[in-house]
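One file, data16.cif, carrying mmCIF, C-alpha atoms and all ligand atoms:
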data_entry
loop_
_atom_site.label_atom_id
_atom_site.label_comp_id
_atom_site.auth_asym_id
_atom_site.auth_seq_id
_atom_site.Cartn_x
_atom_site.Cartn_y
_atom_site.Cartn_z
CA MET A 1235 10.14 -5.58 -3.19
CA ALA A 1236 6.90 -4.62 -1.55
CA SER A 1237 3.34 -3.47 -1.95
CA VAL A 1238 2.38 0.03 -0.79
CA THR A 1239 -1.06 0.88 0.59
CA PHE A 1240 -2.58 4.23 1.46
CA ALA A 1241 -5.47 3.50 3.86
CA GLY A 1242 -7.52 6.65 4.35
CA ALA A 1243 -4.26 8.65 4.43
CA THR A 1244 -4.93 12.32 5.17
CA ARG A 1245 -2.58 15.29 5.50
CA ARG A 1246 -3.68 18.83 6.28
CA PHE A 1247 -1.21 21.72 6.45
CA ALA A 1248 -1.51 24.53 8.96
CA GLY A 1249 -3.68 27.26 7.47
CA GLY A 1250 -5.04 24.97 4.73
CA GLN A 1251 -8.84 24.92 4.63
CA LYS A 1252 -9.00 21.58 2.89
CA PRO A 1253 -6.61 18.66 3.41
CA ALA A 1254 -3.75 18.54 0.89
CA VAL A 1255 -4.46 14.78 0.72
CA ASP A 1256 -7.93 13.71 1.74
CA SER A 1257 -8.64 10.11 2.84
CA LEU A 1258 -6.54 8.54 0.13
CA ASP A 1259 -7.22 4.83 -0.44
CA LEU A 1260 -4.87 3.30 -2.96
CA THR A 1261 -2.87 0.08 -3.23
CA VAL A 1262 0.24 -0.23 -5.36
CA ALA A 1263 0.95 -3.89 -6.03
CA ASP A 1264 4.33 -5.52 -5.60
CA GLY A 1265 6.44 -4.61 -8.65
CA GLU A 1266 3.88 -2.22 -10.07
CA PHE A 1267 4.65 1.16 -11.70
CA MET A 1268 1.96 3.51 -10.39
CA VAL A 1269 1.80 7.08 -11.66
CA LEU A 1270 0.16 9.79 -9.55
CA VAL A 1271 -1.03 12.55 -11.87
CA GLY A 1272 -3.02 15.74 -11.49
CA PRO A 1273 -2.74 19.52 -11.72
CA SER A 1274 -0.41 21.61 -9.59
CA GLY A 1275 -1.36 21.51 -5.90
CA CYS A 1276 -3.54 18.37 -6.13
CA GLY A 1277 -1.52 16.56 -3.45
CA LYS A 1278 0.73 14.28 -5.53
CA SER A 1279 4.03 15.20 -3.89
CA THR A 1280 2.53 15.14 -0.40
CA SER A 1281 1.23 11.60 -1.03
CA LEU A 1282 4.66 10.46 -2.18
CA ARG A 1283 6.44 12.16 0.70
CA MET A 1284 4.16 10.39 3.17
CA VAL A 1285 5.40 7.05 1.81
CA ALA A 1286 9.04 8.12 2.07
CA GLY A 1287 8.49 9.44 5.60
CA LEU A 1288 9.26 13.03 4.68
CA GLU A 1289 5.74 14.20 5.54
CA SER A 1290 3.67 13.25 8.55
CA VAL A 1291 0.23 11.64 8.25
CA GLU A 1292 -2.67 13.22 10.13
CA SER A 1293 -4.97 10.22 10.01
CA GLY A 1294 -5.17 6.90 8.25
CA ALA A 1295 -2.24 4.59 7.57
CA ILE A 1296 0.56 3.95 5.09
CA LEU A 1297 1.44 0.29 4.77
CA ILE A 1298 4.51 -1.18 3.13
CA ASP A 1299 3.98 -4.91 2.78
CA ASP A 1300 1.09 -4.72 5.21
CA VAL A 1301 3.20 -3.08 7.92
CA ASP A 1302 2.14 0.40 9.03
CA VAL A 1303 5.23 2.59 8.56
CA ILE A 1304 3.84 5.70 10.22
CA GLY A 1305 6.22 6.53 13.02
CA MET A 1306 9.04 4.66 11.28
CA ALA A 1307 12.08 6.80 10.40
CA PRO A 1308 12.57 7.45 6.66
CA LYS A 1309 15.78 5.38 6.61
CA ALA A 1310 14.10 2.36 8.15
CA ARG A 1311 11.43 2.30 5.41
CA ASP A 1312 13.89 1.32 2.68
CA VAL A 1313 12.31 3.71 0.19
CA ALA A 1314 14.51 5.53 -2.34
CA MET A 1315 13.40 8.97 -3.47
CA VAL A 1316 14.41 10.59 -6.75
CA PHE A 1317 13.63 14.30 -6.94
CA GLN A 1318 13.28 16.85 -9.70
CA ASN A 1319 16.42 18.57 -8.34
CA TYR A 1320 18.85 15.68 -8.32
CA ALA A 1321 21.68 17.37 -6.40
CA LEU A 1322 24.84 15.34 -7.04
CA TYR A 1323 28.05 15.85 -5.08
CA PRO A 1324 30.03 18.13 -7.45
CA ASN A 1325 33.48 17.03 -6.25
CA MET A 1326 32.79 13.34 -6.61
CA THR A 1327 32.95 11.24 -9.77
CA VAL A 1328 29.85 9.54 -11.13
CA ALA A 1329 31.02 6.25 -9.58
CA ASP A 1330 31.51 7.83 -6.16
CA ASN A 1331 28.18 9.62 -6.33
CA MET A 1332 26.45 6.36 -7.13
CA GLY A 1333 28.30 4.32 -4.53
CA PHE A 1334 28.24 6.89 -1.71
CA ALA A 1335 25.29 5.45 0.23
CA LEU A 1336 26.64 1.91 0.00
CA ARG A 1337 30.10 2.90 1.24
CA ASN A 1338 28.45 4.86 4.04
CA ALA A 1339 26.51 1.77 5.02
CA GLY A 1340 29.80 -0.13 5.34
CA MET A 1341 29.94 -2.03 2.04
CA SER A 1342 33.46 -2.86 0.86
CA LYS A 1343 35.03 -0.88 -1.97
CA ALA A 1344 35.14 -3.94 -4.23
CA ASP A 1345 31.48 -4.89 -3.70
CA THR A 1346 30.37 -1.28 -4.11
CA GLY A 1347 32.36 -1.06 -7.37
CA THR A 1348 30.69 -4.20 -8.75
CA ARG A 1349 27.19 -3.02 -7.86
CA VAL A 1350 27.81 0.46 -9.30
CA LEU A 1351 29.15 -1.00 -12.54
CA ASP A 1352 26.10 -3.25 -12.94
CA VAL A 1353 23.72 -0.33 -12.57
CA ALA A 1354 25.88 1.96 -14.71
CA ARG A 1355 25.63 -0.58 -17.53
CA MET A 1356 21.87 -0.67 -17.22
CA LEU A 1357 21.68 3.11 -17.47
CA GLU A 1358 24.38 3.39 -20.17
CA LEU A 1359 26.68 5.29 -17.83
CA GLU A 1360 29.61 2.87 -17.78
CA ASN A 1361 31.82 5.15 -19.89
CA LEU A 1362 31.16 8.15 -17.66
CA LEU A 1363 32.03 6.66 -14.27
CA ASP A 1364 35.19 8.78 -13.86
CA ARG A 1365 33.54 12.09 -14.80
CA LYS A 1366 32.45 14.82 -12.40
CA PRO A 1367 28.82 16.04 -12.62
CA ALA A 1368 29.81 19.38 -14.17
CA LYS A 1369 30.96 17.51 -17.28
CA LEU A 1370 27.67 15.68 -17.79
CA SER A 1371 24.56 16.64 -19.76
CA GLY A 1372 21.27 17.17 -17.92
CA GLY A 1373 20.01 13.77 -19.01
CA GLN A 1374 23.21 12.03 -17.88
CA ARG A 1375 22.99 13.73 -14.48
CA GLN A 1376 19.42 12.57 -14.17
CA ARG A 1377 20.50 9.00 -14.91
CA VAL A 1378 23.24 9.23 -12.27
CA ALA A 1379 20.62 10.37 -9.72
CA MET A 1380 18.49 7.41 -10.75
CA GLY A 1381 21.51 5.11 -10.51
CA ARG A 1382 22.27 6.37 -7.03
CA ALA A 1383 18.78 5.27 -5.97
CA ILE A 1384 18.94 1.92 -7.81
CA VAL A 1385 22.26 0.72 -6.34
CA ARG A 1386 20.66 0.73 -2.91
CA ARG A 1387 18.18 -1.92 -4.09
CA PRO A 1388 15.34 -0.33 -2.17
CA ARG A 1389 11.97 -1.97 -1.63
CA VAL A 1390 10.16 1.02 -3.15
CA PHE A 1391 11.09 3.82 -5.56
CA CYS A 1392 9.42 7.20 -5.19
CA MET A 1393 10.06 9.59 -8.07
CA ASP A 1394 8.86 13.18 -7.94
CA GLU A 1395 8.77 14.80 -11.40
CA PRO A 1396 12.27 13.46 -12.16
CA LEU A 1397 12.17 14.60 -15.80
CA SER A 1398 10.94 18.13 -15.41
CA ASN A 1399 14.38 19.71 -15.79
CA LEU A 1400 15.03 18.01 -19.11
CA ASP A 1401 14.23 19.37 -22.57
CA ALA A 1402 11.30 17.90 -24.47
CA LYS A 1403 13.30 15.44 -26.59
CA LEU A 1404 15.31 14.14 -23.66
CA ARG A 1405 12.16 13.71 -21.60
CA VAL A 1406 10.79 11.34 -24.21
CA SER A 1407 13.92 9.17 -24.39
CA THR A 1408 14.50 9.21 -20.62
CA ARG A 1409 10.92 8.25 -19.83
CA ALA A 1410 11.27 5.17 -22.04
CA GLN A 1411 14.52 4.35 -20.28
CA ILE A 1412 12.99 4.67 -16.80
CA ALA A 1413 10.03 2.51 -17.79
CA ALA A 1414 12.37 -0.16 -19.21
CA MET A 1415 14.57 -0.02 -16.12
CA GLN A 1416 11.57 -0.43 -13.84
CA ARG A 1417 10.43 -3.45 -15.86
CA GLU A 1418 13.87 -4.99 -15.60
CA LEU A 1419 14.24 -4.41 -11.85
CA GLY A 1420 10.59 -5.02 -10.99
CA VAL A 1421 10.79 -2.59 -8.05
CA THR A 1422 7.47 -1.19 -6.84
CA THR A 1423 7.45 2.41 -8.08
CA LEU A 1424 5.38 5.50 -7.35
CA TYR A 1425 5.97 8.21 -9.90
CA VAL A 1426 4.59 11.74 -9.65
CA THR A 1427 3.98 13.94 -12.68
CA HIS A 1428 1.61 16.68 -13.79
CA ASP A 1429 2.16 15.57 -17.39
CA GLN A 1430 -0.65 13.34 -18.56
CA VAL A 1431 1.34 12.03 -21.53
CA GLU A 1432 4.07 10.87 -19.16
CA ALA A 1433 1.39 9.24 -17.00
CA MET A 1434 -0.24 7.44 -19.91
CA THR A 1435 3.01 6.19 -21.45
CA MET A 1436 4.84 5.08 -18.30
CA GLY A 1437 2.39 3.70 -15.76
CA HIS A 1438 1.04 0.19 -15.43
CA ARG A 1439 -1.76 2.04 -13.66
CA VAL A 1440 -2.51 5.72 -13.22
CA ALA A 1441 -4.08 7.42 -10.18
CA VAL A 1442 -5.68 10.76 -11.03
CA LEU A 1443 -5.92 13.29 -8.18
CA ASP A 1444 -7.72 16.61 -7.91
CA SER A 1445 -7.78 18.88 -4.84
CA GLY A 1446 -6.37 16.14 -2.62
CA VAL A 1447 -9.05 13.63 -3.67
CA LEU A 1448 -8.46 10.48 -5.73
CA GLN A 1449 -10.68 10.71 -8.81
CA GLN A 1450 -9.91 7.43 -10.54
CA VAL A 1451 -7.35 4.68 -10.67
CA GLY A 1452 -6.91 2.35 -13.62
CA THR A 1453 -4.74 1.31 -16.52
CA PRO A 1454 -3.94 4.08 -19.00
CA ARG A 1455 -6.48 2.54 -21.41
CA GLU A 1456 -9.23 2.41 -18.78
CA ILE A 1457 -8.61 6.01 -17.77
CA TYR A 1458 -8.72 7.14 -21.40
CA SER A 1459 -11.66 5.08 -22.58
CA ARG A 1460 -13.78 5.08 -19.40
CA PRO A 1461 -13.11 8.31 -17.50
CA ALA A 1462 -15.00 8.25 -14.20
CA ASN A 1463 -16.03 11.89 -14.29
CA LEU A 1464 -15.72 15.23 -16.08
CA PHE A 1465 -12.45 16.07 -14.31
CA VAL A 1466 -10.67 12.91 -15.51
CA ALA A 1467 -12.24 13.22 -18.97
CA SER A 1468 -10.92 16.71 -19.50
CA PHE A 1469 -7.56 16.28 -17.72
CA MET A 1470 -6.47 13.09 -19.48
CA GLY A 1471 -5.99 13.07 -23.24
CA SER A 1472 -4.48 15.66 -25.49
CA PRO A 1473 -6.07 17.68 -26.96
CA GLN A 1474 -8.76 18.00 -24.33
CA MET A 1475 -12.07 16.19 -24.78
CA CYS A 1476 -14.78 18.49 -26.11
CA LEU A 1477 -17.65 18.73 -23.59
CA ILE A 1478 -21.08 19.84 -24.77
CA ASP A 1479 -24.14 20.58 -22.64
CA GLY A 1480 -27.18 18.99 -24.25
CA ARG A 1481 -30.79 17.98 -23.70
CA ILE A 1482 -32.22 14.55 -24.47
CA GLU A 1483 -35.41 14.46 -26.54
CA ASP A 1484 -36.86 11.07 -27.48
CA GLY A 1485 -33.54 9.34 -26.83
CA ILE A 1486 -31.60 11.79 -29.01
CA VAL A 1487 -29.36 14.78 -28.35
CA HIS A 1488 -29.26 17.35 -31.15
CA LEU A 1489 -25.89 18.97 -31.75
CA GLY A 1490 -26.72 21.68 -34.29
CA GLY A 1491 -27.72 19.88 -37.49
CA THR A 1492 -26.35 16.54 -36.34
CA ARG A 1493 -27.53 14.23 -33.61
CA VAL A 1494 -26.41 11.42 -31.33
CA HIS A 1495 -28.47 8.56 -29.97
CA VAL A 1496 -28.27 8.03 -26.24
CA PRO A 1497 -26.88 4.52 -25.62
CA ALA A 1498 -29.16 2.21 -23.59
CA PRO A 1499 -26.89 1.97 -20.50
CA VAL A 1500 -26.77 5.78 -20.35
CA SER A 1501 -30.57 6.05 -20.66
CA ALA A 1502 -30.91 3.59 -17.79
CA SER A 1503 -28.87 5.73 -15.40
CA LEU A 1504 -30.27 9.15 -16.30
CA SER A 1505 -31.85 11.27 -13.60
CA SER A 1506 -32.85 14.15 -15.90
CA SER A 1507 -32.90 15.06 -19.56
CA GLU A 1508 -29.83 17.28 -19.20
CA VAL A 1509 -26.49 15.66 -20.06
CA VAL A 1510 -22.94 16.53 -20.95
CA VAL A 1511 -21.76 14.82 -24.14
CA GLY A 1512 -18.00 14.32 -24.52
CA LEU A 1513 -16.19 13.85 -27.83
CA ARG A 1514 -12.47 13.43 -28.34
CA ALA A 1515 -10.60 14.92 -31.30
CA GLU A 1516 -10.52 11.56 -33.09
CA SER A 1517 -14.26 11.00 -32.63
CA TRP A 1518 -15.53 13.42 -35.24
CA SER A 1519 -15.79 12.67 -38.95
CA VAL A 1520 -15.37 15.60 -41.27
CA SER A 1521 -17.34 16.29 -44.43
CA SER A 1522 -18.66 19.21 -46.43
CA SER A 1523 -20.87 21.60 -44.49
CA HIS A 1524 -23.40 21.38 -47.33
CA GLN A 1525 -24.17 17.77 -46.54
CA SER A 1526 -27.32 17.21 -44.54
CA GLY A 1527 -27.23 15.95 -40.95
CA VAL A 1528 -23.95 17.62 -40.04
CA LEU A 1529 -22.88 20.19 -37.49
CA ALA A 1530 -21.57 23.30 -39.27
CA ALA A 1531 -18.34 24.45 -37.59
CA THR A 1532 -16.08 27.38 -38.42
CA VAL A 1533 -12.32 26.73 -38.41
CA ASP A 1534 -10.49 29.11 -36.04
CA LEU A 1535 -7.04 27.54 -35.92
CA VAL A 1536 -5.15 24.72 -37.63
CA GLU A 1537 -2.29 23.00 -35.78
CA GLU A 1538 -0.09 21.07 -38.24
CA LEU A 1539 1.59 17.98 -36.78
CA GLY A 1540 2.81 16.37 -40.01
CA ALA A 1541 0.83 13.13 -40.28
CA GLU A 1542 -2.27 14.80 -38.88
CA GLN A 1543 -3.62 18.17 -37.95
CA PHE A 1544 -5.70 19.40 -35.07
CA VAL A 1545 -8.43 21.73 -36.25
CA TYR A 1546 -9.96 24.05 -33.65
CA CYS A 1547 -13.49 25.13 -34.52
CA SER A 1548 -16.38 27.10 -33.10
CA ALA A 1549 -20.03 26.13 -33.51
CA ASP A 1550 -23.43 27.11 -32.25
CA LEU A 1551 -23.40 24.74 -29.27
CA SER A 1552 -23.23 25.08 -25.53
CA LEU A 1553 -19.54 24.15 -25.14
CA ARG A 1554 -17.87 23.73 -21.76
CA ASN A 1555 -14.44 24.21 -23.37
CA SER A 1556 -13.74 27.14 -25.60
CA ARG A 1557 -13.61 25.19 -28.86
CA ILE A 1558 -14.24 21.88 -30.58
CA VAL A 1559 -10.99 20.14 -31.58
CA VAL A 1560 -11.01 17.72 -34.48
CA ARG A 1561 -8.19 15.45 -35.64
CA VAL A 1562 -8.00 15.65 -39.42
CA ASP A 1563 -5.84 13.55 -41.76
CA HIS A 1564 -2.98 15.52 -43.36
CA ARG A 1565 -4.33 14.80 -46.86
CA ARG A 1566 -7.34 17.00 -46.27
CA THR A 1567 -6.77 20.72 -46.73
CA VAL A 1568 -8.45 22.81 -44.06
CA GLU A 1569 -7.97 26.55 -43.67
CA VAL A 1570 -8.87 29.14 -41.09
CA GLY A 1571 -12.30 30.58 -41.90
CA ASP A 1572 -13.53 27.41 -43.67
CA VAL A 1573 -16.91 26.06 -42.60
CA ILE A 1574 -16.75 22.24 -42.26
CA GLY A 1575 -19.37 19.60 -41.53
CA LEU A 1576 -18.90 17.45 -38.42
CA THR A 1577 -20.57 14.20 -37.40
CA PRO A 1578 -19.82 12.28 -34.18
CA VAL A 1579 -18.41 8.79 -34.74
CA VAL A 1580 -20.94 6.23 -33.53
CA ASP A 1581 -20.02 4.61 -30.19
CA GLU A 1582 -17.27 7.12 -29.44
CA THR A 1583 -19.31 9.48 -27.29
CA TYR A 1584 -18.91 9.94 -23.52
CA TRP A 1585 -21.82 10.85 -21.25
CA PHE A 1586 -21.79 12.69 -17.93
CA ASP A 1587 -24.25 14.00 -15.36
CA PRO A 1588 -24.03 17.82 -15.62
CA VAL A 1589 -24.53 18.30 -11.87
CA SER A 1590 -22.38 15.58 -10.24
CA GLY A 1591 -19.96 15.36 -13.16
CA ASP A 1592 -20.00 11.54 -12.89
CA ALA A 1593 -19.88 9.33 -15.97
CA LEU A 1594 -23.26 7.85 -16.94
CA ASP A 1595 -23.51 4.25 -17.99
P1 LIG B 1 2.93 20.45 -7.74
O1 LIG B 1 2.72 19.67 -9.00
O2 LIG B 1 2.74 21.91 -7.92
O3 LIG B 1 4.21 20.08 -7.03
P2 LIG B 1 1.37 18.70 -6.01
O4 LIG B 1 0.21 18.08 -6.67
O5 LIG B 1 2.59 17.86 -5.84
O6 LIG B 1 1.72 20.06 -6.74
P3 LIG B 1 1.52 19.17 -3.17
O7 LIG B 1 2.91 19.70 -3.24
O8 LIG B 1 1.33 17.82 -2.62
O9 LIG B 1 0.84 19.23 -4.61
O10 LIG B 1 0.62 20.21 -2.38
C1 LIG B 1 -0.75 19.97 -2.09
C2 LIG B 1 -1.30 21.16 -1.35
O11 LIG B 1 -0.67 21.29 -0.09
C3 LIG B 1 -1.11 22.48 -2.06
O12 LIG B 1 -2.26 23.25 -1.88
C4 LIG B 1 0.08 23.08 -1.35
O13 LIG B 1 0.01 24.51 -1.36
C5 LIG B 1 -0.07 22.57 0.06
N1 LIG B 1 1.24 22.38 0.72
C6 LIG B 1 2.22 21.55 0.32
N2 LIG B 1 3.28 21.61 1.17
C7 LIG B 1 2.94 22.51 2.12
C8 LIG B 1 3.59 23.00 3.30
N3 LIG B 1 4.80 22.57 3.66
N4 LIG B 1 2.92 23.92 4.04
C9 LIG B 1 1.69 24.34 3.71
N5 LIG B 1 1.01 23.91 2.63
C10 LIG B 1 1.63 23.01 1.84
#

Starting from the file, lay out its structure as structure tokens.
Ligand code: ATP
Amino acid sequence: MASVTFAGATRRFAGGQKPAVDSLDLTVADGEFMVLVGPSGCGKSTSLRMVAGLESVESGAILIDDVDVIGMAPKARDVAMVFQNYALYPNMTVADNMGFALRNAGMSKADTGTRVLDVARMLELENLLDRKPAKLSGGQRQRVAMGRAIVRRPRVFCMDEPLSNLDAKLRVSTRAQIAAMQRELGVTTLYVTHDQVEAMTMGHRVAVLDSGVLQQVGTPREIYSRPANLFVASFMGSPQMCLIDGRIEDGIVHLGGTRVHVPAPVSASLSSSEVVVGLRAESWSVSSSHQSGVLAATVDLVEELGAEQFVYCSADLSLRNSRIVVRVDHRRTVEVGDVIGLTPVVDETYWFDPVSGDALD
């Protein structure tokens, strides 16, 4: 096992105006499961590939256990990569696919068989060891690809969107399985995804990237409850946080008929009276629009999820997203065209500088 450190790691591609990865500083602790997340093209895969040695580094360093691995051949790094397209050898059985690298490295047939069986048990593949890949489901093939990486007992796992070829249900069960496997093995893991739910549910910590630049790194809870800036606030969390441009008057921001008090730490770091107020779907309370002190909002769309519903509304506010989204208990009947009253839940507001986008507190 090993720690992995990006120290100012930068990679620019020919023709690219901005670096694909720009001075990345990030340390993944020994045994940690770190998720790199961000929108398409933000530099996640390039970062991962730099660790595996599949991409060169323009400046800065990549350290594995404090040793700079730049210039070291991919094989010598002892990093196992699991890709989205987990090409298995079609003519080989599951057991042979999983044991191939070990046999190639000179391990005896008996030792390889024991190691493969151990890993197959962990991944619930022991009854499929004699099958060929064509006779496996997508999820089983994915587990074989994972198994092939695990049997090598690498120092570091790098996984690049390994679940993206699976259907929604299988993604959920496989992500739990990968997280459990990582806990059991304790191997330092870097996992790339564009799916923020995957990031939040799997990672010990999450690193959020945008345009090649690290925006924030923290536990899933820290990222959700203390987003560093507007990008992280709107990228992480589903549905998206509602962002409202507002003006502070006497320590208060008026949102239609309702109002929010500016918390003291926010007041202390203000540079102007303009702010962006952020509210998540669960941070609104709903009442009748006839009540005083509420924001009147018109329901445009109701998304039924069984236990709850997401209600998309419009209101006379300066919204950065197209609509306000409110989580409403399933017992309350809400219909398109209704006008409802909204009040922000005290202490569940987020505050940002409208110019820099940075969180205020
Ligand atoms: P995705 O989720 O779409 O895979 P990503 O976040 O993994 O995206 P990268 O694949 O790391 O992003 O790409 C980062 C940037 O570098 C993108 O702008 C991409 O177009 C560019 N890029 C990546 N590989 C190359 C290459 N071989 N040549 C030129 N530009 C590249």

- Hey, can you check how far atom CA of Val1496 of chain A sits from atom CA of Ala1531 of chain A?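 Those two atoms sit 22.3 Å apart.
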
- Message: Which residues are near ligand LIG 1 (chain B) in this structure, taking near to mean any atom at most 9 Å from a ligand atom and counting all atoms listed in the file? Format them as number ranges by chain.
- Response: A: 1245-1250, 1252-1255, 1270-1283, 1289, 1394-1395, 1426-1428, 1443-1446

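With distances restricted to only C-alpha atoms, A:Ser1552 is the closest residue to Val1510 of chain A from A:Gln1543, A:Gln1474, A:Ser1552, A:Ser1526.
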
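Around Pro1588 of chain A, within 9 Å and counting all atoms listed in the file, the residues found are Leu1464, Asp1479, Glu1508, Val1509, Val1510 and Asp1592 of chain A, once anything fewer than 4 positions away on its own chain is removed.
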
- So what do you get for atom CA of Ala1354 of chain A versus atom CA of Ser1342 of chain A, distance-wise? 18.0 Å

- What is the atom CA of Asp1299 of chain A to atom CA of Val1238 of chain A distance in Å? 6.3 Å

- Task: Name the residues within 10 Å of (11.9, 7.3, -17.4), counting only C-alpha atoms in the file's coordinates, and put them as number ranges by chain.
- Result: A: 1376-1377, 1380, 1393, 1396-1397, 1404-1416, 1425, 1432, 1435-1436

- Task: Can you work out which one of A:Ser1468, A:Val1353, A:Met1306, A:Val1560 has the shortest atom-to-atom distance to Glu1542 of chain A, counting all atoms listed in the file?
- Result: A:Val1560

Tell me which protein, DNA and RNA residues are within 12 Å of Leu1539 of chain A, counting all atoms listed in the file, leaving out same-chain ones fewer than 5 positions away, and put them as a CSV table (one decimal) with C-alpha atoms, keeping the file's coordinate frame.
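Dumped to result-v8.csv:
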chain,number,residue,atom,x,y,z
A,1544,PHE,CA,-5.7,19.4,-35.1
A,1545,VAL,CA,-8.4,21.7,-36.2
A,1561,ARG,CA,-8.2,15.4,-35.6
A,1562,VAL,CA,-8.0,15.6,-39.4
A,1563,ASP,CA,-5.8,13.6,-41.8
A,1564,HIS,CA,-3.0,15.5,-43.4

- Looking at A:Gly1265, A:Pro1454, A:Pro1499, A:Gly1340, which one is nearest to Thr1422 of chain A, with distances taken over only C-alpha atoms?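 Looking only at the distances to Thr1422 of chain A, the closest residue turns out to be A:Gly1265.
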
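Once Pro1473 of chain A and its same-chain neighbours fewer than 2 positions away are set aside, Gly1471, Met1475, Arg1514, Ala1515 and Val1559 of chain A remain within 8 Å of it when counting all atoms listed in the file.
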
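Comparing the minimum interatomic distances between Ala1379 of chain A and each of A:Asn1319, A:Asn1338, A:Asn1555, A:Thr1583, counting all atoms listed in the file, we find that A:Asn1319 sits nearest.
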
- Message: Here's a test: counting only C-alpha atoms, identify every protein, DNA and RNA residue with an atom at most 12 Å from (-34.1, 12.2, -27.0) in the file's coordinate frame, and state them as an MDAnalysis selection string.
- Response: chainID A and resid 1480:1489 1493:1498 1500:1501 1504 1506:1509

Rebuild N, CA and C atoms on segment 1291-1307 of chain A, as a short mmCIF file (atom, residue, chain, number, x, y, z; two decimals), in the frame of the given file?
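Final output, saved to part-v5.cif:
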data_model
loop_
_atom_site.label_atom_id
_atom_site.label_comp_id
_atom_site.auth_asym_id
_atom_site.auth_seq_id
_atom_site.Cartn_x
_atom_site.Cartn_y
_atom_site.Cartn_z
N VAL A 1291 1.59 12.02 8.64
CA VAL A 1291 0.23 11.64 8.25
C VAL A 1291 -0.70 12.00 9.40
N GLU A 1292 -1.76 12.75 9.07
CA GLU A 1292 -2.67 13.22 10.13
C GLU A 1292 -3.57 12.10 10.62
N SER A 1293 -4.15 11.38 9.64
CA SER A 1293 -4.97 10.22 10.01
C SER A 1293 -4.89 9.19 8.90
N GLY A 1294 -5.30 7.98 9.22
CA GLY A 1294 -5.17 6.90 8.25
C GLY A 1294 -3.81 6.23 8.40
N ALA A 1295 -3.49 5.36 7.46
CA ALA A 1295 -2.24 4.59 7.57
C ALA A 1295 -1.53 4.51 6.23
N ILE A 1296 -0.23 4.29 6.29
CA ILE A 1296 0.56 3.95 5.09
C ILE A 1296 1.20 2.61 5.38
N LEU A 1297 0.90 1.63 4.53
CA LEU A 1297 1.44 0.29 4.77
C LEU A 1297 2.45 -0.06 3.69
N ILE A 1298 3.58 -0.58 4.10
CA ILE A 1298 4.51 -1.18 3.13
C ILE A 1298 4.55 -2.65 3.49
N ASP A 1299 4.12 -3.47 2.53
CA ASP A 1299 3.98 -4.91 2.78
C ASP A 1299 3.16 -5.19 4.04
N ASP A 1300 2.04 -4.50 4.11
CA ASP A 1300 1.09 -4.72 5.21
C ASP A 1300 1.58 -4.28 6.59
N VAL A 1301 2.71 -3.59 6.64
CA VAL A 1301 3.20 -3.08 7.92
C VAL A 1301 3.02 -1.57 7.93
N ASP A 1302 2.36 -1.05 8.95
CA ASP A 1302 2.14 0.40 9.03
C ASP A 1302 3.49 1.07 9.32
N VAL A 1303 3.90 1.98 8.41
CA VAL A 1303 5.23 2.59 8.56
C VAL A 1303 5.16 3.97 9.21
N ILE A 1304 3.96 4.41 9.55
CA ILE A 1304 3.84 5.70 10.22
C ILE A 1304 4.60 5.60 11.56
N GLY A 1305 5.43 6.58 11.79
CA GLY A 1305 6.22 6.53 13.02
C GLY A 1305 7.59 5.90 12.78
N MET A 1306 7.74 5.26 11.62
CA MET A 1306 9.04 4.66 11.28
C MET A 1306 9.91 5.73 10.62
N ALA A 1307 11.18 5.80 10.99
CA ALA A 1307 12.08 6.80 10.40
C ALA A 1307 12.23 6.55 8.90
#
